[in-house]
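K.L.:
Just start17.csv, nothing more (CSV, C-alpha atoms):
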```csv
chain,number,residue,atom,x,y,z
A,15,MET,CA,31.0,75.1,-30.3
A,16,THR,CA,29.0,76.9,-27.7
A,17,PRO,CA,28.2,75.2,-24.3
A,18,ARG,CA,24.5,74.9,-25.2
A,19,LEU,CA,25.2,73.2,-28.6
A,20,GLU,CA,27.7,70.9,-26.9
A,21,PHE,CA,25.2,69.8,-24.3
A,22,ALA,CA,22.5,69.2,-26.9
A,23,THR,CA,24.9,67.1,-29.0
A,24,VAL,CA,25.9,64.9,-25.9
A,25,PHE,CA,22.2,64.6,-24.8
A,26,GLY,CA,21.1,63.6,-28.3
A,27,SER,CA,23.8,60.9,-28.5
A,28,LEU,CA,22.8,59.5,-25.1
A,29,ARG,CA,19.2,59.4,-26.1
A,30,ARG,CA,20.0,57.6,-29.4
A,31,ALA,CA,22.1,55.0,-27.5
A,32,ALA,CA,19.2,54.4,-25.0
A,33,LEU,CA,16.8,53.8,-27.9
A,34,VAL,CA,19.2,51.3,-29.5
A,35,LEU,CA,19.7,49.5,-26.2
A,36,THR,CA,15.9,49.3,-25.6
A,37,SER,CA,15.4,47.9,-29.1
A,38,VAL,CA,18.0,45.2,-28.5
A,39,VAL,CA,16.3,44.2,-25.2
A,40,VAL,CA,12.9,44.0,-26.9
A,41,MET,CA,14.2,41.9,-29.7
A,42,ALA,CA,15.9,39.6,-27.2
A,43,LEU,CA,12.6,39.1,-25.3
A,44,ALA,CA,10.7,38.5,-28.5
A,45,PHE,CA,13.1,35.9,-30.0
A,46,ALA,CA,14.3,34.0,-26.8
A,47,PRO,CA,11.1,32.9,-24.9
A,48,THR,CA,12.4,29.4,-24.5
A,49,THR,CA,15.5,30.6,-22.7
A,50,LEU,CA,13.5,32.7,-20.3
A,51,ALA,CA,11.1,29.9,-19.7
A,52,GLN,CA,14.0,27.6,-18.8
A,53,MET,CA,15.1,30.2,-16.2
A,54,ALA,CA,11.7,30.1,-14.4
A,55,PRO,CA,11.1,27.4,-11.8
A,56,ALA,CA,9.1,24.5,-13.2
A,57,PRO,CA,5.9,23.5,-11.4
A,58,GLN,CA,6.4,20.4,-9.1
A,59,ALA,CA,5.0,17.2,-10.6
A,60,ASN,CA,3.1,14.8,-8.5
A,61,PRO,CA,5.1,11.5,-8.5
A,62,ASN,CA,1.9,9.6,-7.6
A,63,SER,CA,-0.2,10.8,-10.5
A,64,GLU,CA,-0.1,7.6,-12.5
A,65,TRP,CA,-1.5,5.3,-9.8
A,66,GLU,CA,-3.9,8.0,-8.6
A,67,THR,CA,-5.4,8.4,-12.1
A,68,ALA,CA,-5.6,4.6,-12.6
A,69,ALA,CA,-7.5,4.3,-9.2
A,70,GLY,CA,-10.1,6.9,-10.2
A,71,GLY,CA,-8.7,10.2,-9.0
A,72,HIS,CA,-10.8,11.8,-6.2
A,73,LEU,CA,-12.8,9.2,-4.1
A,74,GLU,CA,-14.6,9.5,-0.7
A,75,PHE,CA,-16.0,7.3,2.0
A,76,ASP,CA,-19.8,7.5,2.4
A,77,VAL,CA,-19.6,7.3,6.2
A,78,VAL,CA,-16.7,8.2,8.5
A,79,SER,CA,-16.4,8.0,12.3
A,80,ILE,CA,-13.4,9.4,14.2
A,81,HIS,CA,-12.7,9.2,17.9
A,82,PRO,CA,-9.4,10.2,19.6
A,83,VAL,CA,-8.0,7.5,21.8
A,84,LYS,CA,-7.9,8.3,25.5
A,85,ASP,CA,-5.8,5.3,26.6
A,86,SER,CA,-2.5,5.4,24.8
A,87,ASP,CA,-1.7,1.8,25.9
A,88,GLU,CA,-4.6,0.4,23.8
A,89,PRO,CA,-3.3,-2.0,21.2
A,90,SER,CA,-2.9,-0.6,17.7
A,91,SER,CA,-4.1,-2.2,14.5
A,92,VAL,CA,-5.5,-1.4,11.0
A,93,ASN,CA,-7.3,-3.8,8.6
A,94,VAL,CA,-5.3,-2.7,5.6
A,95,PRO,CA,-1.4,-2.9,5.3
A,96,TYR,CA,-0.4,0.7,5.3
A,97,GLY,CA,2.9,0.4,3.3
A,98,PRO,CA,3.5,1.1,-0.4
A,99,GLU,CA,3.2,-2.6,-1.3
A,100,ASP,CA,0.2,-3.9,-3.3
A,101,ALA,CA,-0.8,-6.8,-0.9
A,102,TYR,CA,-4.4,-6.4,0.1
A,103,THR,CA,-7.4,-8.4,1.3
A,104,ASP,CA,-10.9,-7.2,0.3
A,105,THR,CA,-12.4,-5.5,3.4
A,106,GLY,CA,-15.9,-5.1,2.0
A,107,GLY,CA,-15.2,-1.4,1.5
A,108,ILE,CA,-14.5,-0.9,5.2
A,109,PHE,CA,-11.5,0.9,6.6
A,110,LYS,CA,-11.0,0.3,10.3
A,111,ALA,CA,-8.1,1.5,12.5
A,112,THR,CA,-7.6,1.3,16.2
A,113,ASN,CA,-5.3,3.7,18.1
A,114,TRP,CA,-3.7,4.6,14.8
A,115,PRO,CA,-1.5,7.8,14.5
A,116,VAL,CA,-2.0,10.3,11.7
A,117,ILE,CA,1.5,9.8,10.4
A,118,HIS,CA,0.5,6.3,9.3
A,119,LEU,CA,-2.7,7.5,7.8
A,120,ILE,CA,-0.9,10.0,5.7
A,121,ALA,CA,1.8,7.5,4.7
A,122,PHE,CA,-0.9,5.1,3.6
A,123,ALA,CA,-2.9,7.7,1.7
A,124,TYR,CA,0.1,9.0,-0.3
A,125,LYS,CA,1.9,5.6,-0.7
A,126,ASN,CA,4.8,7.0,1.2
A,127,SER,CA,8.1,5.0,1.6
A,128,THR,CA,10.6,4.8,4.4
A,129,ALA,CA,13.1,6.7,2.2
A,130,GLN,CA,10.9,9.8,2.6
A,131,ARG,CA,10.7,9.3,6.4
A,132,ASP,CA,12.9,12.0,7.9
A,133,ALA,CA,11.6,15.0,5.9
A,134,PHE,CA,8.0,13.7,6.2
A,135,ARG,CA,8.2,13.3,10.0
A,136,ALA,CA,9.9,16.7,10.4
A,137,SER,CA,7.0,18.4,8.8
A,138,LEU,CA,4.4,17.0,11.3
A,139,PRO,CA,3.4,18.2,14.7
A,140,ASP,CA,4.1,16.0,17.7
A,141,TRP,CA,0.5,14.9,18.2
A,142,ALA,CA,0.4,13.6,14.6
A,143,LEU,CA,3.3,11.3,15.5
A,144,ASN,CA,2.0,9.9,18.8
A,145,LYS,CA,-1.7,10.5,19.3
A,146,GLY,CA,-3.9,7.6,18.3
A,147,PHE,CA,-7.4,7.6,16.7
A,148,ASP,CA,-10.1,5.0,16.4
A,149,ILE,CA,-11.5,5.3,12.8
A,150,GLU,CA,-14.2,3.4,11.0
A,151,ALA,CA,-15.1,4.4,7.5
A,152,ARG,CA,-17.3,2.7,4.9
A,153,ALA,CA,-17.5,3.0,1.1
A,154,GLU,CA,-20.7,2.4,-0.9
A,155,ASN,CA,-18.7,0.2,-3.2
A,156,PRO,CA,-17.9,-3.0,-1.2
A,157,HIS,CA,-15.0,-4.1,-3.5
A,158,VAL,CA,-12.6,-1.2,-3.7
A,159,THR,CA,-9.0,-1.7,-4.5
A,160,LYS,CA,-6.1,-0.8,-2.1
A,161,ASP,CA,-5.2,2.3,-4.1
A,162,GLN,CA,-8.9,3.3,-4.1
A,163,MET,CA,-8.9,2.9,-0.4
A,164,ARG,CA,-5.8,5.2,-0.2
A,165,LEU,CA,-7.6,7.9,-2.1
A,166,MET,CA,-10.6,7.7,0.2
A,167,VAL,CA,-8.4,7.9,3.3
A,168,ARG,CA,-6.8,10.9,1.7
A,169,SER,CA,-10.1,12.7,1.2
A,170,MET,CA,-10.9,11.9,4.8
A,171,LEU,CA,-7.7,13.5,5.9
A,172,ILE,CA,-8.3,16.6,3.9
A,173,GLN,CA,-11.9,17.0,5.0
A,174,ARG,CA,-11.6,16.0,8.7
A,175,PHE,CA,-8.0,16.8,9.5
A,176,GLY,CA,-7.5,19.9,7.3
A,177,LEU,CA,-4.5,18.2,5.6
A,178,LYS,CA,-2.5,20.2,3.1
A,179,VAL,CA,0.7,18.8,1.5
A,180,HIS,CA,3.1,19.4,-1.3
A,181,TYR,CA,5.9,17.5,-3.0
A,182,GLU,CA,9.4,18.9,-2.9
A,183,THR,CA,12.5,17.8,-4.8
A,184,ARG,CA,15.8,18.0,-2.9
A,185,ASP,CA,19.3,17.2,-4.0
A,186,VAL,CA,20.4,15.0,-1.2
A,187,SER,CA,22.9,12.3,-0.2
A,188,VAL,CA,21.6,8.9,-1.1
A,189,TYR,CA,22.7,5.3,-1.3
A,190,ALA,CA,22.6,3.9,-4.8
A,191,VAL,CA,21.9,0.2,-4.6
A,192,GLU,CA,23.9,-1.6,-7.3
A,193,LEU,CA,24.7,-5.2,-8.1
A,194,ILE,CA,28.3,-6.1,-7.1
A,195,LYS,CA,28.7,-8.0,-10.3
A,196,PRO,CA,26.4,-7.0,-13.2
A,197,GLY,CA,23.8,-9.7,-13.9
A,198,VAL,CA,24.8,-11.8,-10.8
A,199,LEU,CA,22.2,-12.2,-8.1
A,200,GLY,CA,22.9,-13.4,-4.5
A,201,PRO,CA,21.3,-16.6,-3.1
A,202,GLY,CA,18.6,-14.6,-1.4
A,203,LEU,CA,17.3,-13.0,-4.6
A,204,ARG,CA,15.7,-14.6,-7.7
A,205,PRO,CA,13.4,-13.5,-10.5
A,206,HIS,CA,9.8,-14.3,-9.6
A,207,PRO,CA,8.8,-17.5,-11.5
A,208,ASN,CA,6.3,-16.7,-14.3
A,209,ASP,CA,4.3,-19.9,-13.6
A,210,ASP,CA,4.1,-19.3,-9.9
A,211,SER,CA,0.7,-18.7,-8.4
A,212,CYS,CA,0.5,-17.3,-4.9
A,213,SER,CA,-1.9,-15.3,-2.8
A,214,GLY,CA,-1.5,-11.5,-2.4
A,215,ALA,CA,-3.8,-11.5,0.6
A,216,ALA,CA,-2.3,-9.7,3.6
A,217,ALA,CA,-3.0,-10.0,7.3
A,218,THR,CA,-4.2,-7.2,9.5
A,219,THR,CA,-1.3,-4.9,10.3
A,220,LYS,CA,-0.6,-4.6,14.0
A,221,ALA,CA,2.0,-2.2,15.4
A,222,ARG,CA,2.6,0.0,18.4
A,223,PRO,CA,3.3,3.6,17.2
A,224,VAL,CA,6.0,3.9,19.9
A,225,ASP,CA,7.7,0.8,18.3
A,226,ASN,CA,7.3,2.0,14.7
A,227,PRO,CA,7.9,5.8,14.6
A,228,GLU,CA,8.8,5.6,10.9
A,229,THR,CA,6.4,4.7,8.1
A,230,ASN,CA,7.6,1.1,8.1
A,231,PRO,CA,5.9,-0.9,5.3
A,232,ALA,CA,6.7,-4.3,6.8
A,233,ALA,CA,3.6,-6.4,7.4
A,234,ALA,CA,2.8,-8.1,10.7
A,235,ALA,CA,5.1,-10.9,11.7
A,236,PRO,CA,3.9,-14.4,10.8
A,237,PRO,CA,3.0,-16.7,13.7
A,238,PRO,CA,5.5,-19.1,15.3
A,239,GLY,CA,6.1,-22.2,13.1
A,240,TYR,CA,5.7,-20.1,9.9
A,241,THR,CA,7.1,-22.1,7.1
A,242,THR,CA,9.0,-20.8,4.1
A,243,LEU,CA,9.6,-22.0,0.5
A,244,PRO,CA,12.9,-23.5,-0.6
A,245,GLY,CA,15.6,-20.8,-0.5
A,246,GLY,CA,13.9,-19.2,2.6
A,247,PHE,CA,11.5,-17.1,0.7
A,248,PRO,CA,8.2,-16.3,2.4
A,249,LEU,CA,4.8,-17.8,1.4
A,250,ARG,CA,3.0,-14.5,0.8
A,251,CYS,CA,3.3,-12.5,-2.5
A,252,GLY,CA,3.1,-8.8,-3.1
A,253,SER,CA,4.0,-7.6,0.4
A,254,PHE,CA,7.0,-7.3,2.7
A,255,VAL,CA,7.1,-10.1,5.3
A,256,ASN,CA,8.8,-10.0,8.7
A,257,MET,CA,9.7,-13.6,9.2
A,258,PRO,CA,10.8,-15.3,12.4
A,259,PRO,CA,14.6,-14.8,12.9
A,260,SER,CA,17.1,-17.4,13.8
A,261,GLN,CA,18.1,-15.4,16.9
A,262,PRO,CA,16.1,-12.8,18.9
A,263,TYR,CA,18.5,-10.0,18.0
A,264,MET,CA,18.3,-10.7,14.2
A,265,ARG,CA,15.8,-9.5,11.7
A,266,HIS,CA,14.5,-11.7,8.9
A,267,GLU,CA,12.8,-9.9,6.0
A,268,GLY,CA,11.6,-10.9,2.6
A,269,GLY,CA,8.8,-10.8,0.0
A,270,ARG,CA,7.8,-12.3,-3.4
A,271,ASP,CA,6.7,-10.9,-6.7
A,272,LEU,CA,8.0,-7.3,-6.0
A,273,THR,CA,9.8,-4.9,-8.2
A,274,MET,CA,13.4,-3.9,-7.3
A,275,ALA,CA,12.2,-0.3,-6.8
A,276,LYS,CA,9.8,-1.4,-4.1
A,277,ILE,CA,12.3,-3.7,-2.4
A,278,VAL,CA,15.0,-1.0,-2.3
A,279,SER,CA,12.5,1.6,-1.0
A,280,THR,CA,12.4,-0.4,2.3
A,281,PHE,CA,16.2,-0.4,2.9
A,282,THR,CA,16.4,3.1,4.4
A,283,GLY,CA,14.3,2.1,7.5
A,284,MET,CA,15.2,-1.6,7.5
A,285,GLY,CA,19.0,-1.0,7.5
A,286,ASN,CA,18.9,2.2,9.6
A,287,LEU,CA,20.8,3.9,6.7
A,288,GLY,CA,20.0,7.5,7.6
A,289,ARG,CA,19.5,8.5,3.9
A,290,PRO,CA,17.3,7.4,1.0
A,291,ALA,CA,18.2,4.3,-0.9
A,292,VAL,CA,17.6,4.4,-4.7
A,293,ASP,CA,17.5,1.5,-7.1
A,294,ARG,CA,20.4,1.4,-9.6
A,295,THR,CA,20.5,-2.3,-10.2
A,296,GLY,CA,19.0,-2.2,-13.7
A,297,LEU,CA,16.9,-5.2,-12.9
A,298,ALA,CA,13.5,-5.3,-14.5
A,299,GLY,CA,10.5,-7.4,-13.7
A,300,THR,CA,9.5,-8.7,-10.2
A,301,PHE,CA,11.6,-10.7,-7.7
A,302,ASP,CA,11.5,-12.9,-4.7
A,303,TRP,CA,14.0,-12.0,-1.9
A,304,ALA,CA,14.9,-12.9,1.6
A,305,MET,CA,17.7,-11.7,4.0
A,306,GLU,CA,18.6,-12.0,7.7
A,307,PHE,CA,20.8,-9.6,9.5
A,308,ILE,CA,21.5,-8.1,13.0
A,309,ASP,CA,18.8,-5.6,13.8
A,310,GLU,CA,20.6,-2.3,14.5
A,311,ARG,CA,17.6,0.0,14.3
A,312,GLU,CA,17.1,2.6,17.0
A,313,GLY,CA,15.7,1.0,20.2
A,314,HIS,CA,17.2,-2.4,19.3
A,315,ASN,CA,20.4,-3.4,21.3
A,316,PRO,CA,22.0,-6.6,20.1
A,317,PRO,CA,24.5,-8.2,22.4
A,318,SER,CA,28.2,-7.2,21.9
A,319,ASP,CA,29.0,-10.8,21.0
A,320,ALA,CA,26.1,-11.2,18.5
A,321,GLU,CA,27.0,-13.5,15.7
A,322,GLY,CA,25.7,-12.7,12.2
A,323,LEU,CA,25.9,-10.2,9.4
A,324,ASN,CA,24.9,-6.5,9.7
A,325,PHE,CA,22.6,-5.1,7.1
A,326,ARG,CA,25.3,-4.1,4.6
A,327,GLY,CA,27.0,-7.5,5.0
A,328,ALA,CA,23.8,-9.3,4.4
A,329,LEU,CA,23.0,-7.1,1.4
A,330,GLU,CA,26.3,-8.1,-0.2
A,331,LYS,CA,26.4,-11.8,0.8
A,332,GLN,CA,22.7,-12.7,0.5
A,333,LEU,CA,21.4,-10.4,-2.3
A,334,GLY,CA,24.6,-9.7,-4.2
A,335,MET,CA,24.2,-5.9,-3.8
A,336,LYS,CA,26.3,-3.0,-2.5
A,337,LEU,CA,25.6,0.6,-1.3
A,338,VAL,CA,27.3,3.4,-3.2
A,339,SER,CA,27.3,6.8,-1.6
A,340,THR,CA,26.3,9.6,-4.0
A,341,LYS,CA,24.0,12.6,-4.5
A,342,ALA,CA,20.8,12.7,-6.4
A,343,PRO,CA,17.5,14.5,-6.6
A,344,PHE,CA,14.8,12.9,-4.5
A,345,GLU,CA,11.1,13.5,-4.1
A,346,PHE,CA,9.8,14.2,-0.6
A,347,LEU,CA,6.2,14.6,0.7
A,348,ILE,CA,5.9,17.6,3.0
A,349,VAL,CA,3.0,18.3,5.2
A,350,ASP,CA,2.0,22.0,5.2
A,351,HIS,CA,-0.9,21.8,7.7
A,352,VAL,CA,-2.8,19.2,9.7
A,353,GLU,CA,-5.2,19.7,12.6
A,354,GLN,CA,-6.9,17.5,15.2
A,355,PRO,CA,-10.4,16.7,14.1
A,356,LYS,CA,-13.7,17.2,16.0
A,357,GLU,CA,-15.0,13.9,17.5
A,358,ASN,CA,-18.1,12.4,16.0
```
Would you kindly transcribe this structure into structure tokens?
P.N.:
Amino acid sequence: MTPRLEFATVFGSLRRAALVLTSVVVMALAFAPTTLAQMAPAPQANPNSEWETAAGGHLEFDVVSIHPVKDSDEPSSVNVPYGPEDAYTDTGGIFKATNWPVIHLIAFAYKNSTAQRDAFRASLPDWALNKGFDIEARAENPHVTKDQMRLMVRSMLIQRFGLKVHYETRDVSVYAVELIKPGVLGPGLRPHPNDDSCSGAAATTKARPVDNPETNPAAAAPPPGYTTLPGGFPLRCGSFVNMPPSQPYMRHEGGRDLTMAKIVSTFTGMGNLGRPAVDRTGLAGTFDWAMEFIDEREGHNPPSDAEGLNFRGALEKQLGMKLVSTKAPFEFLIVDHVEQPKEN
């Protein structure tokens, strides 16, 4: 065989092989779209979509007034409890906050929980954590629900503070909250009685931003002499209640008519756990709960001879639950952009 014929033969073989390989790839693409789709990253779902849709989707205030606070020592308050609980008193369609930081406004608008605290805080500029604003906004509808109020505050943040956020799922270390013995509840936990009627009204939330750097959903502490129901459960339903403790270094928390998911969502900040807590109790319905423990959060320094249970001990002895260290995907709210508004 001459060199020219040998080259033509080899080239022809390579060309035929390339054509066959191309055909195989095209057939694979045509008959395996599902496999390729699974390889592509799925769009991030909005975990709040259900309550947002039920509340009406996009809503806005009719009038909004915003002024930055010049005196940082001015007391802080807001007329709506800003945590994820449902407790709410009709405000006549008015949202009013005094010396209130943007971190709390965002937490309220997106129904954020303490379990999302660290990632959420890390995405905010310093001024959004510490600078207070006086805000008064009014809706045309005088009888909006708490979730509708959240959506209107969200619109205000987007329009006046240039807020942009996204949700992000991360595989992180968590504490799974489980029952120590399946089906056995501690003395501080009971199913909410079906025939029990109680008020879901909540008092004005008062807090100093420097004292509450996290998005803590606990409502304002009741006044001295606050009485509880048998079993030590608070009077108020539908919210988290910070009750008077037996000792100054203790913390006494509780609530009534709350799902286990909502109760567990407060454990991260309440117990200074340093990671999200997720509900793995398997308990359905709503519950009344109360627990008292030594307050070991940052900024609280109990005496070395303090008597009482720490958070984990109280969780086990009073609620019949334990913390199990594991890893799990967890949804986080991340702030992409926020800016200081112009005064009006």
K.L.:
Between CA of Val94 (chain A) and CA of Lys160 (chain A), what is the distance, to one decimal in Å?
P.N.:
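Atom-to-atom, CA of Val94 (chain A) and CA of Lys160 (chain A) are spaced 8.0 Å apart.
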K.L.:
Go ahead and compute the interatomic distance for CA of Val188 (chain A) and CA of Pro115 (chain A), in Å to one decimal.
P.N.:
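Those two atoms sit 27.9 Å apart.
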K.L.:
Which of these residues is nearest to Glu267 (chain A), using all atoms listed in the file: A:Ala68, A:Ala320, A:Leu333, A:Ala142?
P.N.:
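Among the listed residues, the smallest separation from Glu267 (chain A) belongs to A:Leu333.
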K.L.:
Taking all atoms listed in the file into account, produce a table as JSON lines in which each residue of region 122-177 of chain A with an atom at most 9 Å from an atom of region 342-354 of chain A appears once, together with its shortest atom pair and the distance in Å to one decimal, ordered by chain and rising number.
P.N.:
```
{"residue": "A:Tyr124", "atom": "CA", "partner": "A:Leu347", "partner_atom": "CA", "distance": 8.3}
{"residue": "A:Asn126", "atom": "CA", "partner": "A:Leu347", "partner_atom": "CA", "distance": 7.7}
{"residue": "A:Ala129", "atom": "CA", "partner": "A:Phe346", "partner_atom": "CA", "distance": 8.7}
{"residue": "A:Gln130", "atom": "CA", "partner": "A:Phe346", "partner_atom": "CA", "distance": 5.6}
{"residue": "A:Arg131", "atom": "CA", "partner": "A:Phe346", "partner_atom": "CA", "distance": 8.6}
{"residue": "A:Ala133", "atom": "CA", "partner": "A:Phe346", "partner_atom": "CA", "distance": 6.8}
{"residue": "A:Phe134", "atom": "CA", "partner": "A:Ile348", "partner_atom": "CA", "distance": 5.5}
{"residue": "A:Arg135", "atom": "CA", "partner": "A:Ile348", "partner_atom": "CA", "distance": 8.5}
{"residue": "A:Ala136", "atom": "CA", "partner": "A:Ile348", "partner_atom": "CA", "distance": 8.5}
{"residue": "A:Ser137", "atom": "CA", "partner": "A:Val349", "partner_atom": "CA", "distance": 5.4}
{"residue": "A:Leu138", "atom": "CA", "partner": "A:Val349", "partner_atom": "CA", "distance": 6.4}
{"residue": "A:Pro139", "atom": "CA", "partner": "A:Val352", "partner_atom": "CA", "distance": 8.0}
{"residue": "A:Trp141", "atom": "CA", "partner": "A:Gln354", "partner_atom": "CA", "distance": 8.4}
{"residue": "A:Ala142", "atom": "CA", "partner": "A:Val352", "partner_atom": "CA", "distance": 8.1}
{"residue": "A:Leu171", "atom": "CA", "partner": "A:Val352", "partner_atom": "CA", "distance": 8.4}
{"residue": "A:Ile172", "atom": "CA", "partner": "A:Val352", "partner_atom": "CA", "distance": 8.4}
{"residue": "A:Arg174", "atom": "CA", "partner": "A:Gln354", "partner_atom": "CA", "distance": 8.2}
{"residue": "A:Phe175", "atom": "CA", "partner": "A:Glu353", "partner_atom": "CA", "distance": 5.1}
{"residue": "A:Gly176", "atom": "CA", "partner": "A:Val352", "partner_atom": "CA", "distance": 5.3}
{"residue": "A:Leu177", "atom": "CA", "partner": "A:Val352", "partner_atom": "CA", "distance": 4.5}
```
K.L.:
Which is closest to Thr340 (chain A) among A:Leu243, A:Ala190, A:Cys251, A:Met257, if we use all atoms listed in the file?
P.N.:
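Once distances to Thr340 (chain A) are computed over all atoms listed in the file, the minimum belongs to A:Ala190.
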